[in-house]
file data39.cif (mmCIF, C-alpha atoms)
data_start
loop_
_atom_site.label_atom_id
_atom_site.label_comp_id
_atom_site.auth_asym_id
_atom_site.auth_seq_id
_atom_site.Cartn_x
_atom_site.Cartn_y
_atom_site.Cartn_z
CA MET A 1 13.75 8.67 -9.26
CA HIS A 2 16.48 7.35 -7.02
CA TYR A 3 16.52 3.75 -5.89
CA ALA A 4 18.94 1.65 -3.88
CA GLY A 5 19.44 -0.74 -6.78
CA GLN A 6 18.91 -4.37 -7.57
CA ILE A 7 17.85 -6.55 -4.66
CA ASP A 8 20.76 -8.63 -3.45
CA PRO A 9 19.63 -12.04 -2.13
CA MET A 10 22.65 -12.17 0.16
CA ALA A 11 21.52 -8.92 1.83
CA VAL A 12 18.21 -10.41 2.95
CA PRO A 13 18.38 -11.73 6.53
CA ALA A 14 18.70 -15.47 7.01
CA PRO A 15 15.42 -17.44 6.83
CA SER A 16 13.37 -17.70 10.00
CA THR A 17 10.61 -20.04 11.05
CA MET A 18 7.94 -17.44 10.26
CA GLN A 19 5.18 -18.56 7.93
CA VAL A 20 4.54 -15.42 5.88
CA VAL A 21 1.85 -15.03 3.22
CA VAL A 22 1.21 -12.09 0.88
CA CYS A 23 -2.48 -11.14 0.67
CA LEU A 24 -3.15 -9.27 -2.57
CA THR A 25 -6.57 -7.70 -3.15
CA SER A 26 -8.00 -6.29 -6.36
CA PHE A 27 -11.23 -5.00 -7.84
CA ASN A 28 -10.50 -3.63 -11.32
CA ARG A 29 -6.78 -2.79 -11.32
CA ILE A 30 -5.96 -6.15 -12.82
CA ASP A 31 -2.84 -5.20 -14.79
CA CYS A 32 -1.40 -3.68 -11.61
CA ALA A 33 -2.22 -6.90 -9.75
CA ARG A 34 -0.44 -9.10 -12.29
CA ILE A 35 2.67 -6.91 -12.24
CA SER A 36 2.66 -6.89 -8.44
CA MET A 37 2.71 -10.69 -8.56
CA GLU A 38 5.64 -10.58 -11.00
CA ILE A 39 7.53 -8.31 -8.61
CA ILE A 40 6.83 -10.64 -5.68
CA LYS A 41 7.08 -14.07 -7.30
CA LEU A 42 9.88 -13.40 -9.79
CA ASN A 43 12.05 -10.91 -7.89
CA TRP A 44 11.71 -11.13 -4.12
CA PRO A 45 14.57 -13.38 -2.92
CA ARG A 46 12.54 -14.98 -0.16
CA LYS A 47 9.63 -16.94 -1.58
CA TRP A 48 6.29 -16.42 0.13
CA PRO A 49 2.91 -17.70 -1.08
CA VAL A 50 0.53 -15.19 -2.64
CA VAL A 51 -3.20 -15.32 -1.96
CA HIS A 52 -5.14 -13.08 -4.36
CA ALA A 53 -8.70 -12.07 -3.50
CA CYS A 54 -10.34 -10.52 -6.55
CA SER A 55 -13.84 -9.25 -7.35
CA ASP A 56 -13.30 -8.68 -11.08
CA ALA A 57 -15.69 -11.08 -12.82
CA GLY A 58 -13.45 -11.49 -15.88
CA TYR A 59 -10.19 -12.19 -14.06
CA THR A 60 -8.63 -15.64 -14.39
CA ARG A 61 -5.79 -17.09 -12.37
CA TYR A 62 -2.24 -15.94 -13.12
CA ILE A 63 0.76 -16.85 -10.92
CA GLU A 64 -0.83 -16.45 -7.50
CA ASP A 65 -0.80 -19.56 -5.33
CA VAL A 66 -4.45 -19.19 -4.38
CA LEU A 67 -7.16 -17.19 -6.13
CA VAL A 68 -10.24 -16.27 -4.10
CA LYS A 69 -13.06 -14.88 -6.25
CA ARG A 70 -15.52 -12.53 -4.54
CA GLU A 71 -18.62 -10.68 -5.67
CA PRO A 72 -18.24 -6.91 -6.24
CA ARG A 73 -19.51 -4.71 -3.43
CA PRO A 74 -19.56 -0.98 -2.69
CA LEU A 75 -16.12 0.58 -2.19
CA THR A 76 -15.60 0.31 1.58
CA ALA A 77 -17.54 -2.90 2.06
CA GLY A 78 -15.80 -4.42 -0.95
CA ALA A 79 -12.33 -3.52 0.29
CA LEU A 80 -13.10 -5.06 3.69
CA ASP A 81 -14.58 -8.20 2.11
CA LEU A 82 -11.50 -8.75 -0.05
CA LEU A 83 -9.17 -8.11 2.88
CA VAL A 84 -10.94 -10.56 5.18
CA ALA A 85 -11.23 -13.20 2.43
CA SER A 86 -7.53 -13.02 1.58
CA VAL A 87 -6.37 -13.23 5.20
CA ASN A 88 -8.73 -16.10 6.01
CA ALA A 89 -7.47 -18.02 2.97
CA ALA A 90 -3.84 -17.36 3.97
CA VAL A 91 -4.47 -18.88 7.38
CA THR A 92 -6.60 -21.77 6.14
CA ARG A 93 -4.39 -22.80 3.21
CA PHE A 94 -0.93 -21.95 4.51
CA GLN A 95 -1.28 -21.64 8.29
CA ALA A 96 0.04 -18.10 8.00
CA GLU A 97 1.59 -16.59 11.10
CA TYR A 98 2.15 -13.22 9.41
CA VAL A 99 0.28 -11.63 6.53
CA ILE A 100 1.34 -8.80 4.23
CA HIS A 101 -1.63 -6.99 2.74
CA LEU A 102 -1.13 -5.14 -0.53
CA GLU A 103 -3.82 -3.57 -2.64
CA ALA A 104 -3.27 -4.44 -6.30
CA ASP A 105 -1.85 -1.06 -7.34
CA THR A 106 0.58 -0.88 -4.41
CA TRP A 107 3.97 -2.17 -5.46
CA ILE A 108 6.79 -2.89 -3.00
CA PHE A 109 10.09 -3.51 -4.76
CA ASP A 110 12.43 -4.19 -1.84
CA GLN A 111 11.57 -7.21 0.28
CA ARG A 112 14.06 -6.13 2.94
CA ILE A 113 11.66 -3.36 3.97
CA ILE A 114 9.04 -5.95 4.83
CA GLN A 115 11.54 -8.21 6.56
CA ARG A 116 12.57 -5.36 8.83
CA TYR A 117 9.01 -4.80 9.99
CA LEU A 118 8.38 -8.52 10.35
CA GLU A 119 11.31 -8.65 12.75
CA GLN A 120 9.97 -5.68 14.72
CA LEU A 121 6.61 -7.40 15.08
CA ALA A 122 8.26 -10.67 16.10
CA GLU A 123 10.37 -8.94 18.74
CA ASN A 124 7.43 -7.08 20.28
CA PRO A 125 4.88 -9.39 21.94
CA ARG A 126 2.32 -6.55 22.26
CA ALA A 127 2.48 -5.50 18.60
CA VAL A 128 0.03 -6.99 16.10
CA ILE A 129 0.19 -4.71 13.06
CA ALA A 130 2.76 -2.53 11.26
CA ALA A 131 1.38 0.25 9.08
CA SER A 132 1.48 3.95 8.43
CA SER A 133 -1.55 6.05 9.23
CA TRP A 134 -3.70 7.44 6.40
CA SER A 135 -3.02 10.97 7.60
CA LYS A 136 -3.15 14.28 5.77
CA ASP A 137 -0.96 17.37 6.04
CA CYS A 138 -3.23 20.39 5.57
CA VAL A 139 -0.38 22.89 5.25
CA PRO A 140 0.19 22.61 1.46
CA ALA A 141 -3.51 23.37 0.82
CA TRP A 142 -3.52 26.13 3.44
CA LYS A 143 -0.61 27.84 1.70
CA ARG A 144 -2.58 27.94 -1.58
CA SER A 145 -5.83 29.02 0.03
CA PRO A 146 -7.36 32.43 -0.75
CA SER A 147 -8.34 32.56 2.93
CA LEU A 148 -5.99 34.68 5.01
CA GLY A 149 -6.84 32.64 8.07
CA ARG A 150 -5.67 29.40 6.46
CA ARG A 151 -2.49 31.02 5.16
CA LEU A 152 -1.78 32.22 8.70
CA ARG A 153 -2.34 28.66 9.97
CA ALA A 154 0.29 27.45 7.50
CA ARG A 155 2.77 29.99 8.90
CA LEU A 156 1.92 28.94 12.46
CA ALA A 157 2.59 25.30 11.55
CA SER A 158 6.02 26.24 10.19
CA VAL A 159 6.81 27.80 13.57
CA LEU A 160 5.46 24.96 15.72
CA ARG A 161 6.66 21.89 13.83
CA PRO A 162 10.39 22.32 14.51
CA PHE A 163 9.44 21.84 18.18
CA GLY A 164 7.73 18.52 17.53
CA SER A 165 4.16 19.74 17.01
CA SER A 166 1.95 18.00 14.46
CA TYR A 167 -0.26 21.06 14.03
CA GLY A 168 -2.19 20.83 10.77
CA ILE A 169 -1.92 17.06 10.38
CA ARG A 170 -5.30 15.32 10.33
CA GLU A 171 -6.59 11.74 10.43
CA LYS A 172 -3.66 10.37 12.40
CA LYS A 173 -5.95 7.85 14.12
CA SER A 174 -6.05 5.57 11.10
CA LEU A 175 -4.18 2.61 9.62
CA SER A 176 -3.34 2.31 5.94
CA THR A 177 -5.17 -0.73 4.59
CA GLN A 178 -3.32 -0.21 1.31
CA PHE A 179 -0.18 -1.80 2.81
CA PHE A 180 0.22 -3.35 6.22
CA ILE A 181 1.89 -6.31 7.90
CA ALA A 182 0.14 -8.18 10.70
CA LYS A 183 0.41 -11.16 12.98
CA ALA A 184 -2.26 -13.62 11.90
CA THR A 185 -3.23 -14.48 15.44
CA PRO A 186 -6.73 -15.70 16.36
CA GLU A 187 -7.25 -12.40 18.16
CA PHE A 188 -6.35 -10.32 15.09
CA LEU A 189 -8.53 -12.51 12.87
CA ASP A 190 -11.36 -12.00 15.34
CA VAL A 191 -10.89 -8.22 15.08
CA LEU A 192 -11.02 -8.33 11.27
CA SER A 193 -14.09 -10.57 11.15
CA GLY A 194 -15.89 -8.34 13.63
CA ILE A 195 -15.54 -5.12 11.62
CA ARG A 196 -18.73 -3.71 10.13
CA VAL A 197 -18.72 -0.74 7.76
CA LYS A 198 -21.15 1.65 6.10
CA ASP A 199 -20.70 3.17 2.65
CA GLU A 200 -19.56 6.50 4.08
CA ASP A 201 -16.99 4.94 6.43
CA LEU A 202 -13.26 5.24 5.89
CA LEU A 203 -11.90 1.72 6.32
CA GLU A 204 -8.55 3.06 7.53
CA LYS A 205 -10.23 4.75 10.50
CA VAL A 206 -12.48 1.78 11.27
CA LEU A 207 -9.51 -0.60 11.31
CA TYR A 208 -7.55 1.69 13.63
CA ALA A 209 -10.46 1.92 16.06
CA ALA A 210 -10.94 -1.85 16.07
CA VAL A 211 -7.24 -2.57 16.64
CA VAL A 212 -6.86 0.00 19.42
CA ASP A 213 -10.05 -1.18 21.11
CA ARG A 214 -8.69 -4.73 21.27
CA PHE A 215 -4.93 -4.23 21.62
CA GLY A 216 -4.38 -0.59 22.57
CA THR A 217 -1.97 1.71 20.76
CA ARG A 218 0.88 -0.60 21.74
CA GLY A 219 -0.48 -3.02 19.18
CA ILE A 220 0.66 -0.74 16.37
CA VAL A 221 4.16 -0.44 14.90
CA ASN A 222 4.16 2.78 12.92
CA MET A 223 5.78 2.96 9.49
CA SER A 224 7.10 6.45 10.08
CA GLU A 225 8.74 6.68 6.63
CA ARG A 226 5.36 7.51 5.12
CA GLU A 227 4.05 9.97 7.69
CA PRO A 228 1.95 11.87 6.89
CA VAL A 229 0.70 10.07 3.80
CA HIS A 230 -1.15 12.92 2.08
CA PRO A 231 -0.06 14.63 -0.04
CA ARG A 232 3.67 13.99 -0.21
CA PHE A 233 3.65 10.18 0.07
CA ARG A 234 0.22 9.40 -1.35
CA HIS A 235 1.54 8.14 -4.69
CA ALA A 236 5.07 7.09 -3.80
CA CYS A 237 7.23 6.53 -0.73
CA GLU A 238 10.75 5.72 -1.80
CA PRO A 239 12.02 4.85 1.72
CA LEU A 240 9.48 1.99 1.68
CA SER A 241 10.15 1.27 -2.03
CA LEU A 242 6.39 1.77 -2.37
CA PHE A 243 4.74 3.06 -5.55
CA CYS A 244 0.98 3.24 -5.98
CA GLN A 245 0.18 5.71 -8.75
CA HIS A 246 -3.09 5.14 -10.57
CA TRP A 247 -1.74 6.35 -13.91
CA PRO A 248 0.30 4.01 -16.13
CA SER A 249 2.83 6.57 -17.37
CA ALA A 250 3.94 10.16 -16.85
CA GLU A 251 1.98 11.15 -19.95
CA ASP A 252 -1.20 10.08 -18.13
CA ALA A 253 -0.45 11.95 -14.88
CA PRO A 254 -3.25 14.27 -13.69
CA ALA A 255 -2.88 17.94 -14.49
CA ALA A 256 -1.54 20.38 -11.93
CA THR A 257 -4.78 22.37 -12.13
CA SER A 258 -6.96 19.43 -11.06
CA HIS A 259 -4.42 17.85 -8.68
CA PRO A 260 -2.31 20.67 -7.18
CA ASP A 261 -1.00 18.42 -4.39
CA LEU A 262 0.98 16.27 -6.82
CA THR A 263 4.73 16.74 -6.38
CA PRO A 264 6.96 17.40 -9.41
CA ALA A 265 8.30 13.86 -9.03
CA ASP A 266 4.74 12.47 -9.13
CA ARG A 267 4.09 14.16 -12.46
CA LEU A 268 7.30 12.79 -13.96
CA ARG A 269 6.55 9.15 -13.30
CA GLY A 270 3.76 6.66 -13.57
CA LYS A 271 3.93 2.91 -13.14
CA LYS A 272 5.93 2.56 -16.37
CA GLU A 273 8.68 4.96 -15.23
CA CYS A 274 8.91 3.19 -11.86
CA LEU A 275 9.52 -0.14 -13.56
CA GLN A 276 12.10 1.41 -15.87
CA ALA A 277 14.03 2.84 -12.91
CA VAL A 278 14.34 -0.36 -10.87
CA PRO A 279 16.83 -3.00 -12.10
CA LEU A 280 14.73 -6.05 -11.32
CA MET A 281 16.26 -9.46 -11.78
CA ARG A 282 13.39 -10.77 -13.93
CA HIS A 283 10.62 -9.23 -15.99
CA GLY A 284 7.30 -10.97 -16.48
CA PRO A 285 5.09 -10.62 -19.58
CA TYR A 286 2.85 -7.99 -18.03
CA MET A 287 5.85 -5.89 -17.06
CA GLU A 288 7.14 -6.15 -20.62
CA LYS A 289 3.79 -5.14 -22.03
CA LEU A 290 3.69 -2.00 -19.89
CA LEU A 291 7.31 -1.13 -20.70
CA THR A 292 7.06 -1.64 -24.47
CA SER A 293 3.50 -0.67 -25.43
CA ASP A 294 3.03 2.65 -27.19
CA ASP A 295 -0.69 2.68 -26.39
CA LEU A 296 -1.45 2.26 -22.67
CA THR A 297 -5.20 2.73 -22.89
CA TYR A 298 -5.50 -1.01 -22.19
CA TYR A 299 -3.93 -0.65 -18.74
CA ASN A 300 -6.36 -1.55 -15.93
CA GLY A 301 -9.31 -1.27 -18.29
CA ASN A 302 -11.89 1.19 -17.01
CA ALA A 303 -10.27 1.74 -13.61
CA LYS A 304 -9.94 5.32 -12.45
CA ARG A 305 -6.56 6.84 -13.43
CA SER A 306 -6.33 9.71 -10.97
CA GLY A 307 -6.96 10.37 -7.30
#
call {"tool": "encode", "arguments": {"input": "data39.cif", "output": "structure tokens"}}
result
Amino acid sequence: MHYAGQIDPMAVPAPSTMQVVVCLTSFNRIDCARISMEIIKLNWPRKWPVVHACSDAGYTRYIEDVLVKREPRPLTAGALDLLVASVNAAVTRFQAEYVIHLEADTWIFDQRIIQRYLEQLAENPRAVIAASSWSKDCVPAWKRSPSLGRRLRARLASVLRPFGSSYGIREKKSLSTQFFIAKATPEFLDVLSGIRVKDEDLLEKVLYAAVVDRFGTRGIVNMSEREPVHPRFRHACEPLSLFCQHWPSAEDAPAATSHPDLTPADRLRGKKECLQAVPLMRHGPYMEKLLTSDDLTYYNGNAKRSG
């Protein structure tokens, strides 16, 4: 794993008048959530409040500035409920002008990445949200397919893509709810509060449709570093300093047979190896526990460790 190194406070742009709030959401990845807070609160040079919306009944407040407890709901409805609750609290409690949404297991080590996108949003009056899509590159699976037709499609993609074609990339009309930055305008809040989902819906697609319906495609600043997300950047995107593996260490990484899309780098690192590789200025107690424990079965309790 290669990383730019320790965050230098002097390298972060001078403070602006933006009121920025981090909106963290969690269901059962509680250890990930606490470490994310330690990254943000103990290591990001610029200090922003953290609002944590959580639907884990046993969770108690840690170092977040505001804890919003919510009842558990089905996957898509629950994710939307936590997102809306966290953003509403950020605006109500801190008069947020910009919100950064991070799901609990999505760690961003370098605050300068976020600052760069905040500046792009501020400079573009039409833009309301910065995010990658939740897209998928079908070519890796096509190459492995026993179907001759799919293998031929993979070869066709290799011919077309050098000319700018996105042949074989699906679900581009989506916005990653895992990590995005948005202007907390009344119009954007109205869009969020108006979203309705069913169990089978993909929240990333629903959010995209709602944003485009209200603001058009000009409302979106694309985080191109992570395009397409699946499979190459699903678990890590080093240009964004983003790491979101579900397994606590390399020893717990899913097998190649069950998860053939995992890159060699994915299999060599879990959350523990990511922490080891980044020279953070301060470690919190939950970081230390992950780094020093021989038995990681405790990590995130019963939360799913693959996928």
call {"tool": "closest_residue", "arguments": {"input": "data39.cif", "among": "A:Ala255, A:Leu24, A:Ala277, A:Leu160", "to": "Ser241 of chain A", "atoms": "only C-alpha atoms"}}
result
A:Ala277
call {"tool": "resolve_selection", "arguments": {"input": "data39.cif", "expression": "the PyMOL selection byres ((chain A and resi 171-173) around 6)", "output": "VMD selection string"}}
result
chain A and resid 133 135 170 174
call {"tool": "resolve_selection", "arguments": {"input": "data39.cif", "expression": "the PyMOL selection byres ((chain A and resi 185) around 9)", "output": "count of residues only"}}
result
12
call {"tool": "resolve_selection", "arguments": {"input": "data39.cif", "expression": "the PyMOL selection byres ((chain A and resi 232) around 12)", "output": "ChimeraX atom specification"}}
result
/A:134-141,225-231,233-238,260-266
call {"tool": "closest_residue", "arguments": {"input": "data39.cif", "among": "A:Val87, A:Cys32, A:Cys54, A:Ile220", "to": "Lys289 of chain A", "atoms": "all atoms listed in the file"}}
result
A:Cys32
call {"tool": "closest_residue", "arguments": {"input": "data39.cif", "among": "A:Ala256, A:Val22, A:Arg218, A:Lys304", "to": "Asn124 of chain A", "atoms": "only C-alpha atoms"}}
result
A:Arg218
call {"tool": "residues_around", "arguments": {"input": "data39.cif", "residues": "Asp199 of chain A", "least_positions_apart": "6", "cutoff": "9 Å", "atoms": "only C-alpha atoms", "output": "PDB file with C-alpha atoms, keeping the file's coordinate frame"}}
result
ATOM      1  CA  PRO A  74     -19.560  -0.980  -2.690  1.00  0.00           C
ATOM      2  CA  LEU A  75     -16.120   0.580  -2.190  1.00  0.00           C
ATOM      3  CA  THR A  76     -15.600   0.310   1.580  1.00  0.00           C
ATOM      4  CA  ALA A  77     -17.540  -2.900   2.060  1.00  0.00           C
TER       5      ALA A  77
END
call {"tool": "atom_distance", "arguments": {"input": "data39.cif", "atom1": "atom CA of Met223 of chain A", "atom2": "atom CA of Phe180 of chain A"}}
result
9.0 Å
call {"tool": "closest_residue", "arguments": {"input": "data39.cif", "among": "A:Arg126, A:His52, A:Arg34, A:Arg70", "to": "Ala90 of chain A", "atoms": "only C-alpha atoms"}}
result
A:His52
